[in-house]
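Q: Structure file input-v5.txt (compact mmCIF, N, CA and C atoms and all ligand atoms) right here:
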```
# COMPACT_ATOMS: atom_id res chain seq x y z
N MET A 1 -14.34 1.29 -5.39
CA MET A 1 -14.78 0.02 -6.02
C MET A 1 -15.65 -0.74 -5.04
N ASP A 2 -16.77 -1.21 -5.52
CA ASP A 2 -17.77 -1.83 -4.65
C ASP A 2 -17.24 -3.06 -3.90
N ASP A 3 -16.49 -3.91 -4.61
CA ASP A 3 -16.12 -5.18 -4.01
C ASP A 3 -14.67 -5.21 -3.51
N CYS A 4 -14.08 -4.05 -3.31
CA CYS A 4 -12.69 -3.98 -2.85
C CYS A 4 -12.66 -3.85 -1.32
N LEU A 5 -11.92 -4.75 -0.68
CA LEU A 5 -11.85 -4.78 0.79
C LEU A 5 -11.38 -3.45 1.37
N PHE A 6 -10.29 -2.91 0.82
CA PHE A 6 -9.75 -1.68 1.41
C PHE A 6 -10.60 -0.46 1.06
N CYS A 7 -11.30 -0.48 -0.07
CA CYS A 7 -12.29 0.58 -0.33
C CYS A 7 -13.39 0.53 0.73
N LYS A 8 -13.80 -0.68 1.11
CA LYS A 8 -14.84 -0.82 2.14
C LYS A 8 -14.34 -0.27 3.47
N ILE A 9 -13.07 -0.55 3.80
CA ILE A 9 -12.49 0.01 5.03
C ILE A 9 -12.43 1.54 4.93
N ALA A 10 -12.01 2.04 3.76
CA ALA A 10 -11.91 3.50 3.57
C ALA A 10 -13.27 4.17 3.69
N ARG A 11 -14.33 3.47 3.27
CA ARG A 11 -15.69 4.02 3.36
C ARG A 11 -16.30 3.79 4.73
N LYS A 12 -15.59 3.06 5.60
CA LYS A 12 -16.06 2.68 6.94
C LYS A 12 -17.25 1.72 6.84
N ASP A 13 -17.33 1.00 5.73
CA ASP A 13 -18.38 -0.02 5.59
C ASP A 13 -18.04 -1.25 6.42
N ILE A 14 -16.74 -1.53 6.58
CA ILE A 14 -16.31 -2.58 7.50
C ILE A 14 -15.28 -1.98 8.45
N PRO A 15 -15.23 -2.51 9.69
CA PRO A 15 -14.38 -1.88 10.70
C PRO A 15 -12.90 -2.21 10.53
N ALA A 16 -12.07 -1.30 11.01
CA ALA A 16 -10.63 -1.53 11.10
C ALA A 16 -10.13 -0.66 12.25
N ALA A 17 -9.00 -1.05 12.80
CA ALA A 17 -8.41 -0.28 13.90
C ALA A 17 -7.61 0.88 13.29
N LEU A 18 -8.27 2.01 13.13
CA LEU A 18 -7.66 3.15 12.45
C LEU A 18 -6.62 3.82 13.35
N VAL A 19 -5.51 4.22 12.76
CA VAL A 19 -4.49 4.95 13.52
C VAL A 19 -4.18 6.31 12.88
N TYR A 20 -4.66 6.54 11.67
CA TYR A 20 -4.41 7.83 11.00
C TYR A 20 -5.44 8.01 9.90
N GLU A 21 -5.88 9.25 9.75
CA GLU A 21 -6.78 9.56 8.63
C GLU A 21 -6.62 11.02 8.25
N ASP A 22 -6.55 11.27 6.96
CA ASP A 22 -6.70 12.64 6.45
C ASP A 22 -7.61 12.55 5.22
N ASP A 23 -7.68 13.61 4.45
CA ASP A 23 -8.63 13.63 3.34
C ASP A 23 -8.35 12.53 2.31
N HIS A 24 -7.08 12.15 2.15
CA HIS A 24 -6.72 11.25 1.05
C HIS A 24 -6.06 9.94 1.48
N LEU A 25 -5.64 9.85 2.74
CA LEU A 25 -4.91 8.67 3.21
C LEU A 25 -5.59 8.11 4.46
N LEU A 26 -5.39 6.80 4.65
CA LEU A 26 -5.92 6.13 5.85
C LEU A 26 -4.86 5.12 6.30
N ALA A 27 -4.70 4.95 7.61
CA ALA A 27 -3.80 3.92 8.13
C ALA A 27 -4.54 3.16 9.22
N PHE A 28 -4.31 1.85 9.23
CA PHE A 28 -4.98 0.98 10.19
C PHE A 28 -4.11 -0.23 10.47
N LYS A 29 -4.44 -0.92 11.57
CA LYS A 29 -3.66 -2.09 11.96
C LYS A 29 -3.97 -3.27 11.03
N ASP A 30 -2.91 -3.98 10.65
CA ASP A 30 -3.10 -5.19 9.85
C ASP A 30 -3.81 -6.25 10.72
N ILE A 31 -4.76 -6.94 10.14
CA ILE A 31 -5.56 -7.90 10.89
C ILE A 31 -4.77 -9.16 11.26
N PHE A 32 -3.72 -9.46 10.49
CA PHE A 32 -2.82 -10.59 10.79
C PHE A 32 -1.40 -10.06 10.94
N PRO A 33 -1.11 -9.40 12.07
CA PRO A 33 0.18 -8.71 12.19
C PRO A 33 1.37 -9.66 12.13
N GLN A 34 2.38 -9.27 11.39
CA GLN A 34 3.61 -10.06 11.26
C GLN A 34 4.75 -9.49 12.10
N ALA A 35 4.45 -8.45 12.85
CA ALA A 35 5.42 -7.83 13.75
C ALA A 35 4.61 -7.12 14.83
N PRO A 36 5.24 -6.78 15.97
CA PRO A 36 4.48 -6.08 17.01
C PRO A 36 3.80 -4.81 16.50
N VAL A 37 4.47 -4.10 15.60
CA VAL A 37 3.82 -2.97 14.90
C VAL A 37 3.66 -3.38 13.44
N HIS A 38 2.44 -3.48 12.98
CA HIS A 38 2.17 -3.81 11.58
C HIS A 38 0.95 -3.01 11.15
N LEU A 39 1.23 -1.91 10.48
CA LEU A 39 0.16 -1.02 10.01
C LEU A 39 0.08 -1.07 8.49
N LEU A 40 -1.07 -0.74 7.97
CA LEU A 40 -1.26 -0.59 6.53
C LEU A 40 -1.64 0.85 6.26
N ILE A 41 -0.98 1.46 5.29
CA ILE A 41 -1.27 2.85 4.91
C ILE A 41 -1.75 2.82 3.47
N ILE A 42 -2.92 3.39 3.24
CA ILE A 42 -3.53 3.32 1.90
C ILE A 42 -3.99 4.70 1.43
N PRO A 43 -3.97 4.91 0.11
CA PRO A 43 -4.75 6.03 -0.42
C PRO A 43 -6.23 5.65 -0.33
N LYS A 44 -7.08 6.60 0.02
CA LYS A 44 -8.51 6.27 0.11
C LYS A 44 -9.10 5.93 -1.26
N ALA A 45 -8.61 6.60 -2.29
CA ALA A 45 -9.12 6.35 -3.64
C ALA A 45 -8.58 5.02 -4.15
N HIS A 46 -9.41 4.30 -4.86
CA HIS A 46 -8.99 2.98 -5.34
C HIS A 46 -7.92 3.09 -6.42
N CYS A 47 -6.92 2.25 -6.27
CA CYS A 47 -5.82 2.13 -7.22
C CYS A 47 -5.24 0.76 -6.93
N GLU A 48 -5.05 -0.05 -7.95
CA GLU A 48 -4.67 -1.44 -7.70
C GLU A 48 -3.25 -1.57 -7.17
N SER A 49 -2.33 -0.82 -7.76
CA SER A 49 -0.92 -0.95 -7.37
C SER A 49 -0.17 0.30 -7.83
N LEU A 50 1.13 0.32 -7.57
CA LEU A 50 1.94 1.47 -8.00
C LEU A 50 2.00 1.58 -9.52
N GLY A 51 1.62 0.52 -10.21
CA GLY A 51 1.58 0.56 -11.68
C GLY A 51 0.36 1.25 -12.22
N ASP A 52 -0.56 1.62 -11.34
CA ASP A 52 -1.85 2.18 -11.80
C ASP A 52 -2.13 3.55 -11.21
N LEU A 53 -1.08 4.26 -10.80
CA LEU A 53 -1.30 5.56 -10.16
C LEU A 53 -1.88 6.58 -11.12
N THR A 54 -2.87 7.32 -10.66
CA THR A 54 -3.29 8.54 -11.36
C THR A 54 -2.49 9.69 -10.74
N PRO A 55 -2.44 10.83 -11.40
CA PRO A 55 -1.71 11.96 -10.80
C PRO A 55 -2.23 12.32 -9.40
N GLU A 56 -3.53 12.25 -9.22
CA GLU A 56 -4.11 12.60 -7.91
C GLU A 56 -3.69 11.60 -6.84
N ILE A 57 -3.76 10.31 -7.17
CA ILE A 57 -3.39 9.29 -6.18
C ILE A 57 -1.88 9.31 -5.96
N ALA A 58 -1.11 9.61 -7.00
CA ALA A 58 0.34 9.72 -6.85
C ALA A 58 0.69 10.84 -5.88
N ALA A 59 -0.03 11.93 -5.95
CA ALA A 59 0.25 13.06 -5.05
C ALA A 59 -0.03 12.66 -3.61
N ALA A 60 -1.13 11.95 -3.38
CA ALA A 60 -1.43 11.49 -2.02
C ALA A 60 -0.41 10.46 -1.56
N THR A 61 -0.07 9.54 -2.45
CA THR A 61 0.86 8.46 -2.10
C THR A 61 2.25 9.00 -1.79
N ALA A 62 2.60 10.09 -2.41
CA ALA A 62 3.93 10.69 -2.17
C ALA A 62 4.09 11.13 -0.71
N ARG A 63 2.99 11.33 -0.03
CA ARG A 63 3.06 11.74 1.38
C ARG A 63 3.15 10.56 2.33
N ILE A 64 3.03 9.34 1.82
CA ILE A 64 3.00 8.17 2.71
C ILE A 64 4.28 8.01 3.54
N PRO A 65 5.48 8.22 2.99
CA PRO A 65 6.67 8.10 3.86
C PRO A 65 6.63 9.05 5.06
N GLN A 66 6.13 10.26 4.82
CA GLN A 66 6.04 11.24 5.91
C GLN A 66 5.02 10.79 6.96
N VAL A 67 3.89 10.28 6.52
CA VAL A 67 2.88 9.76 7.45
C VAL A 67 3.43 8.55 8.18
N ALA A 68 4.16 7.69 7.46
CA ALA A 68 4.74 6.49 8.09
C ALA A 68 5.73 6.88 9.19
N ALA A 69 6.54 7.88 8.94
CA ALA A 69 7.51 8.32 9.96
C ALA A 69 6.79 8.85 11.20
N LYS A 70 5.73 9.57 11.00
CA LYS A 70 4.93 10.07 12.13
C LYS A 70 4.34 8.91 12.91
N LEU A 71 3.80 7.92 12.19
CA LEU A 71 3.20 6.76 12.85
C LEU A 71 4.26 5.92 13.55
N ALA A 72 5.43 5.77 12.94
CA ALA A 72 6.51 5.01 13.57
C ALA A 72 6.88 5.66 14.90
N ALA A 73 6.94 6.97 14.91
CA ALA A 73 7.25 7.67 16.17
C ALA A 73 6.14 7.43 17.19
N GLU A 74 4.90 7.56 16.76
CA GLU A 74 3.77 7.35 17.68
C GLU A 74 3.72 5.93 18.22
N GLN A 75 4.14 4.98 17.39
CA GLN A 75 4.09 3.57 17.80
C GLN A 75 5.34 3.16 18.58
N GLY A 76 6.27 4.08 18.73
CA GLY A 76 7.45 3.84 19.55
C GLY A 76 8.55 3.05 18.88
N VAL A 77 8.59 3.05 17.54
CA VAL A 77 9.63 2.29 16.83
C VAL A 77 10.56 3.17 16.00
N GLN A 78 10.46 4.48 16.19
CA GLN A 78 11.32 5.38 15.39
C GLN A 78 12.80 5.09 15.67
N ALA A 79 13.14 4.93 16.94
CA ALA A 79 14.54 4.71 17.30
C ALA A 79 14.99 3.28 17.02
N SER A 80 14.12 2.31 17.28
CA SER A 80 14.51 0.90 17.11
C SER A 80 14.56 0.51 15.64
N GLY A 81 13.77 1.18 14.81
CA GLY A 81 13.81 0.92 13.37
C GLY A 81 12.51 0.31 12.86
N TRP A 82 12.26 0.57 11.61
CA TRP A 82 11.01 0.11 11.00
C TRP A 82 11.20 0.01 9.49
N ARG A 83 10.25 -0.65 8.87
CA ARG A 83 10.32 -0.91 7.41
C ARG A 83 9.00 -0.48 6.77
N LEU A 84 9.12 0.12 5.60
CA LEU A 84 7.95 0.52 4.82
C LEU A 84 8.06 -0.16 3.47
N LEU A 85 7.05 -0.94 3.09
CA LEU A 85 7.14 -1.66 1.81
C LEU A 85 5.76 -1.86 1.20
N SER A 86 5.78 -2.04 -0.10
CA SER A 86 4.54 -2.28 -0.84
C SER A 86 4.72 -3.45 -1.77
N ASN A 87 3.83 -4.43 -1.68
CA ASN A 87 3.84 -5.56 -2.60
C ASN A 87 2.99 -5.21 -3.82
N ASN A 88 3.59 -5.38 -5.00
CA ASN A 88 2.90 -5.04 -6.24
C ASN A 88 2.88 -6.24 -7.17
N GLY A 89 1.72 -6.85 -7.31
CA GLY A 89 1.57 -7.95 -8.26
C GLY A 89 1.92 -9.32 -7.70
N PRO A 90 1.72 -10.35 -8.52
CA PRO A 90 1.80 -11.74 -8.05
C PRO A 90 3.15 -12.14 -7.47
N ASP A 91 4.25 -11.83 -8.14
CA ASP A 91 5.55 -12.26 -7.63
C ASP A 91 5.89 -11.61 -6.29
N ALA A 92 5.31 -10.47 -6.03
CA ALA A 92 5.54 -9.79 -4.75
C ALA A 92 4.59 -10.31 -3.67
N GLY A 93 3.63 -11.14 -4.06
CA GLY A 93 2.71 -11.70 -3.08
C GLY A 93 1.56 -10.79 -2.71
N GLN A 94 1.27 -9.80 -3.57
CA GLN A 94 0.14 -8.92 -3.26
C GLN A 94 -1.14 -9.74 -3.18
N SER A 95 -1.87 -9.56 -2.08
CA SER A 95 -3.11 -10.33 -1.89
C SER A 95 -4.35 -9.45 -1.84
N VAL A 96 -4.18 -8.18 -1.55
CA VAL A 96 -5.30 -7.23 -1.60
C VAL A 96 -4.95 -6.21 -2.68
N PHE A 97 -5.80 -6.12 -3.69
CA PHE A 97 -5.45 -5.34 -4.87
C PHE A 97 -6.02 -3.92 -4.79
N HIS A 98 -5.71 -3.30 -3.67
CA HIS A 98 -5.87 -1.85 -3.45
C HIS A 98 -4.53 -1.42 -2.88
N LEU A 99 -3.87 -0.49 -3.55
CA LEU A 99 -2.51 -0.08 -3.17
C LEU A 99 -2.39 0.14 -1.66
N HIS A 100 -1.36 -0.46 -1.07
CA HIS A 100 -1.13 -0.27 0.36
C HIS A 100 0.34 -0.41 0.67
N PHE A 101 0.76 0.23 1.74
CA PHE A 101 2.13 0.15 2.24
C PHE A 101 2.09 -0.45 3.63
N HIS A 102 2.94 -1.46 3.85
CA HIS A 102 3.09 -2.05 5.18
C HIS A 102 4.12 -1.24 5.97
N LEU A 103 3.79 -0.91 7.20
CA LEU A 103 4.75 -0.33 8.14
C LEU A 103 4.97 -1.39 9.21
N LEU A 104 6.21 -1.88 9.29
CA LEU A 104 6.54 -2.99 10.19
C LEU A 104 7.63 -2.56 11.16
N GLY A 105 7.51 -2.97 12.40
CA GLY A 105 8.55 -2.67 13.38
C GLY A 105 8.26 -3.34 14.70
N GLY A 106 9.14 -3.07 15.65
CA GLY A 106 8.95 -3.61 16.99
C GLY A 106 9.71 -4.89 17.25
N LYS A 107 10.46 -5.37 16.26
CA LYS A 107 11.33 -6.52 16.43
C LYS A 107 12.37 -6.46 15.30
N PRO A 108 13.48 -7.18 15.43
CA PRO A 108 14.42 -7.22 14.30
C PRO A 108 13.72 -7.86 13.09
N LEU A 109 13.76 -7.17 11.97
CA LEU A 109 12.99 -7.60 10.79
C LEU A 109 13.82 -8.44 9.82
N GLY A 110 15.10 -8.58 10.11
CA GLY A 110 15.94 -9.39 9.24
C GLY A 110 16.47 -8.59 8.06
N ALA A 111 17.53 -9.09 7.48
CA ALA A 111 18.18 -8.37 6.38
C ALA A 111 17.60 -8.73 5.02
N LYS A 112 16.95 -9.90 4.95
CA LYS A 112 16.45 -10.37 3.65
C LYS A 112 15.20 -9.61 3.24
N LEU A 113 15.15 -9.20 2.00
CA LEU A 113 13.93 -8.57 1.48
C LEU A 113 13.14 -9.57 0.65
N CYS A 114 13.72 -10.73 0.37
CA CYS A 114 12.97 -11.76 -0.33
C CYS A 114 13.59 -13.12 0.00
N VAL A 115 12.81 -14.17 -0.23
CA VAL A 115 13.28 -15.50 0.12
C VAL A 115 14.26 -16.00 -0.94
P1 LIG B 201 -0.48 -7.85 0.74
O1 LIG B 201 -0.27 -9.34 0.89
O2 LIG B 201 -1.50 -7.56 -0.34
O3 LIG B 201 0.78 -7.07 0.58
O4 LIG B 201 -1.06 -7.36 2.12
C1 LIG B 201 -2.41 -7.43 2.45
C2 LIG B 201 -2.50 -7.30 3.95
O5 LIG B 201 -3.83 -7.04 4.29
C3 LIG B 201 -2.09 -8.58 4.70
O6 LIG B 201 -0.99 -8.31 5.58
C4 LIG B 201 -3.35 -8.97 5.46
O7 LIG B 201 -3.08 -9.48 6.74
C5 LIG B 201 -4.12 -7.67 5.51
N1 LIG B 201 -5.57 -7.84 5.58
C6 LIG B 201 -6.31 -8.71 4.84
N2 LIG B 201 -7.62 -8.58 5.15
C7 LIG B 201 -7.69 -7.58 6.09
C8 LIG B 201 -8.79 -6.98 6.79
O8 LIG B 201 -9.95 -7.33 6.61
N3 LIG B 201 -8.48 -6.01 7.68
C9 LIG B 201 -7.18 -5.60 7.91
N4 LIG B 201 -7.01 -4.63 8.82
N5 LIG B 201 -6.14 -6.15 7.25
C10 LIG B 201 -6.39 -7.12 6.35
ZN ZN B 202 -10.08 -0.32 -3.40
```
Represent the structure from my file as structure tokens, please.
Ligand code: 5GP
Ligand code: ZN

A:
Amino acid sequence: MDDCLFCKIARKDIPAALVYEDDHLLAFKDIFPQAPVHLLIIPKAHCESLGDLTPEIAAATARIPQVAAKLAAEQGVQASGWRLLSNNGPDAGQSVFHLHFHLLGGKPLGAKLCV
């Protein structure tokens, strides 16, 4: 999508601190980190949220937990613990409407999943 921020990052039209890339997935550092480790993992193909998966994007997205675990190990938070989550839609606070998963770690993240 022409005007989608994460599509632009996936196309390398705008820069991001990349930490992982394969044919279908990309991971990069969040620009406003909320934890010492805060990465975003996205399918390269545009998809607004988990409610809009195509079979192809679903297949790529299914590998995200495995990629997240590899990245958590590389970032040194495998043992201390980390969280993988995706905000979908307004009540979840989604602000970028290209499907993405947050990988957070490096500090105690708290027990609450919502306010
Ligand atoms: P959401 O609120 O949609 O779940 O998460 C969007 C995330 O994208 C936020 O954590 C925000 O900091 C991050 N973000 C927004 N703009 C940019 C950007 O231009 N580059 C990077 N790397 N992250 C961004
Ligand atoms: Zn997009």

Q: Extract, using only C-alpha atoms, all DNA, RNA and protein residues at most 12 Å from A:Cys4, discarding same-chain residues fewer than 3 positions from it, and format them as an MDAnalysis selection string.

A: chainID A and resid 1 7:11 13:14 44:48 95:99

Q: For ligand LIG 201 (chain B), collect every residue having any atom at a distance of at most 7 Å from a ligand atom (counting only N, CA and C atoms and all ligand atoms); output as number ranges by chain.

A: A: 5, 15-17, 28-34, 86-88, 92-98, 100, 102

Q: Of the candidates A:Leu25, A:Val37, A:Ile64, A:Pro43, which shows the shortest atom-to-atom distance to A:Lys107, using all atoms listed in the file?

A: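 Smallest separation from A:Lys107 among the options: A:Val37.
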
Q: Return the single residue from A:Ala69, A:Thr54, A:Ala27, A:Gln78 that is closest to A:Leu40, with distances computed using all atoms listed in the file.

A: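 Closest to A:Leu40, using all atoms listed in the file: A:Ala27.
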
Q: So, with all atoms listed in the file as the atoms that count, which of A:Glu21, A:Asp3, A:Ala35, A:Ala68 lies closest to ligand ZN 202 (chain B)?

A: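 Among the listed residues, A:Asp3 lies closest to ligand ZN 202 (chain B).
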
Q: In Å, how far is it from atom CA of A:His38 to atom CA of A:Leu103?

A: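 About the pair atom CA of A:His38 and atom CA of A:Leu103: they are 5.5 Å apart.
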
Q: If you run DSSP on this backbone, which residues of chain A come out as strand (DSSP E), and could you give them as a list in words?

A: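 Answer for chain A restricted to strand (DSSP E) is Leu18, Val19, Tyr20, Glu21, Leu25, Leu26, Ala27, Phe28, Lys29, Val37, His38, Leu39, Leu40, Ile41, Ile42, Pro43, Trp82, Arg83, Leu84, Leu85, Phe101, His102, Leu103, Leu104 and Gly105 of chain A.
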
Q: I need the chosen residues saved as a compact mmCIF listing (two decimals), keeping the file's coordinate frame, with N, CA and C atoms.

A:
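Below is the file result_7.txt, written as the result:
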```txt
# COMPACT_ATOMS: atom_id res chain seq x y z
N LEU A 18 -8.27 2.01 13.13
CA LEU A 18 -7.66 3.15 12.45
C LEU A 18 -6.62 3.82 13.35
N VAL A 19 -5.51 4.22 12.76
CA VAL A 19 -4.49 4.95 13.52
C VAL A 19 -4.18 6.31 12.88
N TYR A 20 -4.66 6.54 11.67
CA TYR A 20 -4.41 7.83 11.00
C TYR A 20 -5.44 8.01 9.90
N GLU A 21 -5.88 9.25 9.75
CA GLU A 21 -6.78 9.56 8.63
C GLU A 21 -6.62 11.02 8.25
N LEU A 25 -5.64 9.85 2.74
CA LEU A 25 -4.91 8.67 3.21
C LEU A 25 -5.59 8.11 4.46
N LEU A 26 -5.39 6.80 4.65
CA LEU A 26 -5.92 6.13 5.85
C LEU A 26 -4.86 5.12 6.30
N ALA A 27 -4.70 4.95 7.61
CA ALA A 27 -3.80 3.92 8.13
C ALA A 27 -4.54 3.16 9.22
N PHE A 28 -4.31 1.85 9.23
CA PHE A 28 -4.98 0.98 10.19
C PHE A 28 -4.11 -0.23 10.47
N LYS A 29 -4.44 -0.92 11.57
CA LYS A 29 -3.66 -2.09 11.96
C LYS A 29 -3.97 -3.27 11.03
N VAL A 37 4.47 -4.10 15.60
CA VAL A 37 3.82 -2.97 14.90
C VAL A 37 3.66 -3.38 13.44
N HIS A 38 2.44 -3.48 12.98
CA HIS A 38 2.17 -3.81 11.58
C HIS A 38 0.95 -3.01 11.15
N LEU A 39 1.23 -1.91 10.48
CA LEU A 39 0.16 -1.02 10.01
C LEU A 39 0.08 -1.07 8.49
N LEU A 40 -1.07 -0.74 7.97
CA LEU A 40 -1.26 -0.59 6.53
C LEU A 40 -1.64 0.85 6.26
N ILE A 41 -0.98 1.46 5.29
CA ILE A 41 -1.27 2.85 4.91
C ILE A 41 -1.75 2.82 3.47
N ILE A 42 -2.92 3.39 3.24
CA ILE A 42 -3.53 3.32 1.90
C ILE A 42 -3.99 4.70 1.43
N PRO A 43 -3.97 4.91 0.11
CA PRO A 43 -4.75 6.03 -0.42
C PRO A 43 -6.23 5.65 -0.33
N TRP A 82 12.26 0.57 11.61
CA TRP A 82 11.01 0.11 11.00
C TRP A 82 11.20 0.01 9.49
N ARG A 83 10.25 -0.65 8.87
CA ARG A 83 10.32 -0.91 7.41
C ARG A 83 9.00 -0.48 6.77
N LEU A 84 9.12 0.12 5.60
CA LEU A 84 7.95 0.52 4.82
C LEU A 84 8.06 -0.16 3.47
N LEU A 85 7.05 -0.94 3.09
CA LEU A 85 7.14 -1.66 1.81
C LEU A 85 5.76 -1.86 1.20
N PHE A 101 0.76 0.23 1.74
CA PHE A 101 2.13 0.15 2.24
C PHE A 101 2.09 -0.45 3.63
N HIS A 102 2.94 -1.46 3.85
CA HIS A 102 3.09 -2.05 5.18
C HIS A 102 4.12 -1.24 5.97
N LEU A 103 3.79 -0.91 7.20
CA LEU A 103 4.75 -0.33 8.14
C LEU A 103 4.97 -1.39 9.21
N LEU A 104 6.21 -1.88 9.29
CA LEU A 104 6.54 -2.99 10.19
C LEU A 104 7.63 -2.56 11.16
N GLY A 105 7.51 -2.97 12.40
CA GLY A 105 8.55 -2.67 13.38
C GLY A 105 8.26 -3.34 14.70
```

Q: Hey, which of A:Ala72, A:Ile42, A:Val77, A:Leu104 ends up closest to A:Ala60? Count only N, CA and C atoms.

A: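 So, comparing all the options, the nearest one is A:Ile42.
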
Q: I'd like the interatomic distance between atom CA of A:Glu74 and atom CA of A:Ser49, to a tenth of an Å.

A: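 Rounded to one decimal, the two atoms are 26.8 Å apart.
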
Q: Which is closer to ligand ZN 202 (chain B) than all the others in A:Phe101, A:Tyr20, A:Trp82, A:Phe6, using only N, CA and C atoms and all ligand atoms?

A: A:Phe6

Q: Expressed in Å to a single decimal, how great is the separation between atom CA of A:His24 and atom N of A:Thr61?

A: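 Those two atoms sit 7.7 Å apart.
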
Q: Nearest residue to ligand ZN 202 (chain B) out of A:Asp2, A:Ala59, A:Leu50, A:Leu71, using only N, CA and C atoms and all ligand atoms?

A: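 Of the candidates, the smallest distance to ligand ZN 202 (chain B) is held by A:Asp2.
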
Q: I'd like to know which residues of stretch 2-105 of chain A are alpha helix (DSSP H) (by DSSP, run on the backbone); could you write them as JSON, numbers by chain?

A: {"A": [5, 6, 7, 8, 9, 10, 55, 56, 57, 58, 59, 60, 61, 64, 65, 66, 67, 68, 69, 70, 71, 72, 73, 74]}
